[in-house]
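Written out below as structure tokens is the structure these notes cover.
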Amino acid sequence: MTPRARTLLVRVWRQIPFFTWLIALWMLLWGQFTVLAFLSGLVMAIVVTRVFRLPPVELSGRINLWWGLLFVGEFVAALVRGSLTVAWQVLDFRRQPGAAIVAVQLRTDDDLIMTHTAVTASLIPGSLIVEVDRDRRVLYLHVIGIRSDADLERQRESVLHWEQRIVRAVGSSAQVRQIEDGEAVPDRERGGAR
């Protein structure tokens with residue numbers, strides 16, 4: 001096999017998860033799981049990826065099913081807990097829940113991990129991503145239920161916990177080692193401090 005053909009094969013192989021997701025999304029949108037829906041989803045996935053050319057996302061090529069299942073279980077529990085907490089804060093007329101903007105410095109320097117972490121933190125009721133500083137790897141969240149510095153720190157630890165779970169599930173071996181060692185990305189690699 002020629003190097004050019006091998007490069008093309010690797011590129012196609014890396015895009016299969018995205019094509020699969022786009023096809024599944026298409027079938028879910030139409031509510032049909034038929035051969036025709038699959039084929040039309042495949043055509044739409046090809047059109048979308050060719051018309052809206054984005055830089056290719058480099059996947060680590062590593063998926064740890066145990067950590068992935070643990071992430072999903074914890075995420076579902078956090079959704080339920082967050083929903084109940086927000087409902088209680090709304091119904092508790094004795095005091096205002098309090099709110100704050102919380103800055104969380106992520107430890108890994110990967111756009112995909114950062115995106116997954118931001119989406120996860122934002123989907124849990126009670127917090128919402130309001131800004132992302134990609135160069136410095138900082139997520140800014142609006143969080144309700146903050147009354148003290150301990151609450152702020154608990155929220156930061158929660159976001160870092162989600163980052164850790166995502167890295168363990170789909171991150172590269174180097175990212176897993178980085179998380180286990182508790183290392184952060186040096187400022188020079190993040191574009192410097194602001």
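Identifiers in this document derive from the order of the structure tokens: chains are assigned A, B, ..., residues are numbered from 1 separately in each chain, and ligands are numbered from 1 in order of occurrence.
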
Using 8 Å as the limit and counting only C-alpha atoms, can you tabulate each residue of stretch 51-99 of chain A that touches stretch 124-145 of chain A, with its shortest atom-to-atom distance in Å and the two atoms involved, as a tab-separated table?
```
residue	atom	partner	partner_atom	distance
A:Ala78	CA	A:Ile124	CA	6.6
A:Leu79	CA	A:Ile124	CA	5.3
A:Gly82	CA	A:Pro125	CA	4.9
A:Ser83	CA	A:Pro125	CA	5.6
A:Thr85	CA	A:Gly126	CA	8.0
A:Val86	CA	A:Gly126	CA	6.1
A:Gln89	CA	A:Gly145	CA	7.5
A:Pro97	CA	A:Gly145	CA	4.7
A:Gly98	CA	A:Gly145	CA	5.1
A:Ala99	CA	A:Ile144	CA	4.2
```

Output the selection as a PDB file, in the first residue's frame - N, CA and C atoms for each residue.
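The result, stored in again.pdb:
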```pdb
ATOM      1  N   ALA A  78     -25.730  12.720  38.275  1.00  0.00           N
ATOM      2  CA  ALA A  78     -25.556  14.165  38.428  1.00  0.00           C
ATOM      3  C   ALA A  78     -26.734  14.934  37.830  1.00  0.00           C
ATOM      4  N   LEU A  79     -27.307  14.428  36.737  1.00  0.00           N
ATOM      5  CA  LEU A  79     -28.493  15.063  36.159  1.00  0.00           C
ATOM      6  C   LEU A  79     -29.660  15.029  37.139  1.00  0.00           C
ATOM      7  N   GLY A  82     -28.766  17.255  40.190  1.00  0.00           N
ATOM      8  CA  GLY A  82     -28.830  18.662  39.814  1.00  0.00           C
ATOM      9  C   GLY A  82     -30.258  19.138  39.643  1.00  0.00           C
ATOM     10  N   SER A  83     -31.095  18.316  39.026  1.00  0.00           N
ATOM     11  CA  SER A  83     -32.505  18.677  38.844  1.00  0.00           C
ATOM     12  C   SER A  83     -33.207  18.842  40.179  1.00  0.00           C
ATOM     13  N   THR A  85     -31.794  19.478  43.085  1.00  0.00           N
ATOM     14  CA  THR A  85     -31.205  20.620  43.787  1.00  0.00           C
ATOM     15  C   THR A  85     -31.779  21.930  43.266  1.00  0.00           C
ATOM     16  N   VAL A  86     -31.860  22.079  41.948  1.00  0.00           N
ATOM     17  CA  VAL A  86     -32.412  23.307  41.370  1.00  0.00           C
ATOM     18  C   VAL A  86     -33.885  23.448  41.740  1.00  0.00           C
ATOM     19  N   GLN A  89     -34.040  24.667  45.268  1.00  0.00           N
ATOM     20  CA  GLN A  89     -33.643  26.072  45.365  1.00  0.00           C
ATOM     21  C   GLN A  89     -34.760  27.001  44.891  1.00  0.00           C
ATOM     22  N   PRO A  97     -30.954  31.553  46.141  1.00  0.00           N
ATOM     23  CA  PRO A  97     -29.943  30.495  45.973  1.00  0.00           C
ATOM     24  C   PRO A  97     -28.517  31.024  45.830  1.00  0.00           C
ATOM     25  N   GLY A  98     -28.336  32.254  45.408  1.00  0.00           N
ATOM     26  CA  GLY A  98     -26.989  32.777  45.181  1.00  0.00           C
ATOM     27  C   GLY A  98     -26.457  32.270  43.850  1.00  0.00           C
ATOM     28  N   ALA A  99     -25.652  33.093  43.211  1.00  0.00           N
ATOM     29  CA  ALA A  99     -25.084  32.705  41.918  1.00  0.00           C
ATOM     30  C   ALA A  99     -23.702  33.326  41.782  1.00  0.00           C
TER      31      ALA A  99
END
```

Q | Members of chain A assigned strand (DSSP E or B) by DSSP, as a list of chain:residue names | A |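 Filtering chain A to strand (DSSP E or B) leaves A:Ala99, A:Ala100, A:Ile101, A:Val102, A:Ala103, A:Val104, A:Gln105, A:Ser127, A:Leu128, A:Ile129, A:Val130, A:Glu131, A:Val132, A:Asp133, A:Val138, A:Leu139, A:Tyr140, A:Leu141, A:His142, A:Val143, A:Ile144.
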
Q) Looking at only C-alpha atoms, which of A:Thr2, A:Ser40, A:Gln175, A:Thr34 is the one that sits closest to A:Asp110? A)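 Looking at the shortest contact to A:Asp110, the residue is A:Gln175.
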
Taking 3 positions as the minimum chain separation for residues in the same chain, which residues sit within 8 Å of A:Thr120 when counting only C-alpha atoms? Answer as a tab-separated table (two decimals) with N, CA and C atoms, in the first residue's frame.
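Saved as result_4.tsv:
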```tsv
chain	number	residue	atom	x	y	z
A	75	PHE	N	-22.90	10.65	35.22
A	75	PHE	CA	-23.57	11.77	34.55
A	75	PHE	C	-25.08	11.71	34.79
A	116	HIS	N	-15.98	18.38	25.35
A	116	HIS	CA	-16.78	17.40	26.10
A	116	HIS	C	-16.98	17.84	27.55
A	117	THR	N	-15.94	18.38	28.16
A	117	THR	CA	-16.05	18.83	29.54
A	117	THR	C	-17.02	20.00	29.65
A	123	LEU	N	-24.65	20.75	30.76
A	123	LEU	CA	-25.89	19.96	30.73
A	123	LEU	C	-26.43	19.66	32.13
A	124	ILE	N	-25.58	19.71	33.12
A	124	ILE	CA	-26.03	19.43	34.48
A	124	ILE	C	-26.78	20.64	35.00
A	162	TRP	N	-15.16	15.92	36.00
A	162	TRP	CA	-15.71	15.52	34.70
A	162	TRP	C	-14.60	15.45	33.66
```

Q.
So that I can see what lies close to A:Phe71, please list as a ChimeraX atom specification the residues with an atom at most 12 Å from it, counting only C-alpha atoms and leaving out residues fewer than 5 positions away in the same chain.
A. /A:64-66,76-78,116-117,120,161-170

Q: Would you return as a PyMOL selection string the members of stretch 10-80 of chain A that DSSP assigns to alpha helix (DSSP H) on this structure's backbone?
A: chain A and resi 10-30+35-51+65-80

Q. Looking at A:Ala45, A:Val12, A:Ala150, A:Leu84, which one is nearest to A:Met27, with distances taken over only C-alpha atoms?
A.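 Among A:Ala45, A:Val12, A:Ala150, A:Leu84, it is A:Ala45 that comes nearest to A:Met27.
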
Q. Expressed in Å to a single decimal, how great is the separation between atom CA of A:Met44 and atom CA of A:Phe19?
A.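 Interatomic distance, atom CA of A:Met44 to atom CA of A:Phe19: 9.5 Å.
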
Q: Can you work out which one of A:Leu42, A:Val47, A:Leu9, A:Ala121 has the shortest atom-to-atom distance to A:Leu25, counting only C-alpha atoms?
A: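 When distances to A:Leu25 are compared using only C-alpha atoms, the smallest one comes from A:Leu42.
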
Q | Spatial neighbours of A:Leu152, 10 Å, only C-alpha atoms, chain gap at least 2 places, as a list in words | A |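 Non-adjacent residues within range: Ala99, Ala100, Ile101, Val102, Ala103, Val104, Val143, Gly145, Ile146, Arg147, Ser148, Asp149, Ala150, Arg154, Gln155, Arg156, Glu157 and Ser158 of chain A.
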
Create the file for the chosen residues now, containing N, CA, C and O atoms and written as a compact mmCIF listing (two decimals), in the first residue's frame.
```
# COMPACT_ATOMS: atom_id res chain seq x y z
N ALA A 99 -25.65 33.09 43.21
CA ALA A 99 -25.08 32.70 41.92
C ALA A 99 -23.70 33.33 41.78
O ALA A 99 -23.39 34.31 42.44
N ALA A 100 -22.89 32.74 40.92
CA ALA A 100 -21.54 33.24 40.70
C ALA A 100 -21.05 32.79 39.33
O ALA A 100 -21.54 31.81 38.77
N ILE A 101 -20.07 33.52 38.84
CA ILE A 101 -19.33 33.09 37.65
C ILE A 101 -18.06 32.42 38.17
O ILE A 101 -17.29 33.01 38.92
N VAL A 102 -17.87 31.17 37.78
CA VAL A 102 -16.74 30.37 38.27
C VAL A 102 -15.79 30.10 37.10
O VAL A 102 -16.22 29.63 36.05
N ALA A 103 -14.52 30.40 37.30
CA ALA A 103 -13.49 30.10 36.30
C ALA A 103 -12.80 28.80 36.68
O ALA A 103 -12.39 28.62 37.83
N VAL A 104 -12.72 27.90 35.73
CA VAL A 104 -12.09 26.59 35.97
C VAL A 104 -10.96 26.40 34.97
O VAL A 104 -11.19 26.37 33.75
N VAL A 143 -23.09 29.61 37.77
CA VAL A 143 -23.56 28.54 38.65
C VAL A 143 -24.50 29.12 39.69
O VAL A 143 -24.19 30.15 40.31
N GLY A 145 -26.61 28.54 43.34
CA GLY A 145 -26.41 27.79 44.58
C GLY A 145 -25.05 28.03 45.21
O GLY A 145 -24.61 27.26 46.05
N ILE A 146 -24.38 29.12 44.84
CA ILE A 146 -23.06 29.44 45.39
C ILE A 146 -23.26 30.46 46.52
O ILE A 146 -23.76 31.55 46.31
N ARG A 147 -22.86 30.07 47.72
CA ARG A 147 -22.99 30.97 48.87
C ARG A 147 -21.67 31.22 49.58
O ARG A 147 -21.60 32.09 50.44
N SER A 148 -20.65 30.44 49.25
CA SER A 148 -19.38 30.59 49.98
C SER A 148 -18.22 30.19 49.06
O SER A 148 -18.42 29.66 47.97
N ASP A 149 -17.01 30.46 49.56
CA ASP A 149 -15.82 30.05 48.82
C ASP A 149 -15.74 28.52 48.69
O ASP A 149 -15.24 27.99 47.71
N ALA A 150 -16.27 27.83 49.71
CA ALA A 150 -16.28 26.36 49.66
C ALA A 150 -17.17 25.87 48.51
O ALA A 150 -16.83 24.90 47.83
N ARG A 154 -15.96 23.64 45.39
CA ARG A 154 -16.66 22.39 45.10
C ARG A 154 -17.07 22.34 43.62
O ARG A 154 -16.95 21.30 42.98
N GLN A 155 -17.51 23.48 43.08
CA GLN A 155 -17.89 23.52 41.66
C GLN A 155 -16.67 23.33 40.77
O GLN A 155 -16.73 22.60 39.78
N ARG A 156 -15.55 23.96 41.11
CA ARG A 156 -14.32 23.77 40.32
C ARG A 156 -13.90 22.31 40.33
O ARG A 156 -13.55 21.74 39.29
N GLU A 157 -13.93 21.70 41.50
CA GLU A 157 -13.55 20.29 41.61
C GLU A 157 -14.50 19.40 40.81
O GLU A 157 -14.08 18.40 40.23
N SER A 158 -15.77 19.77 40.77
CA SER A 158 -16.74 18.99 39.99
C SER A 158 -16.39 19.01 38.50
O SER A 158 -16.40 17.98 37.83
```

Q) From the set A:Val159, A:Gly182, A:Gln105, A:Pro17, which residue has the shortest atom-to-atom contact distance to A:Val119, counting only C-alpha atoms? A) A:Val159

Q: Rounded to one decimal place, report the atom CA of A:Met114-atom CA of A:Leu22 distance in Å.
A: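 Atom CA of A:Leu22 lies at a distance of 20.8 Å from atom CA of A:Met114.
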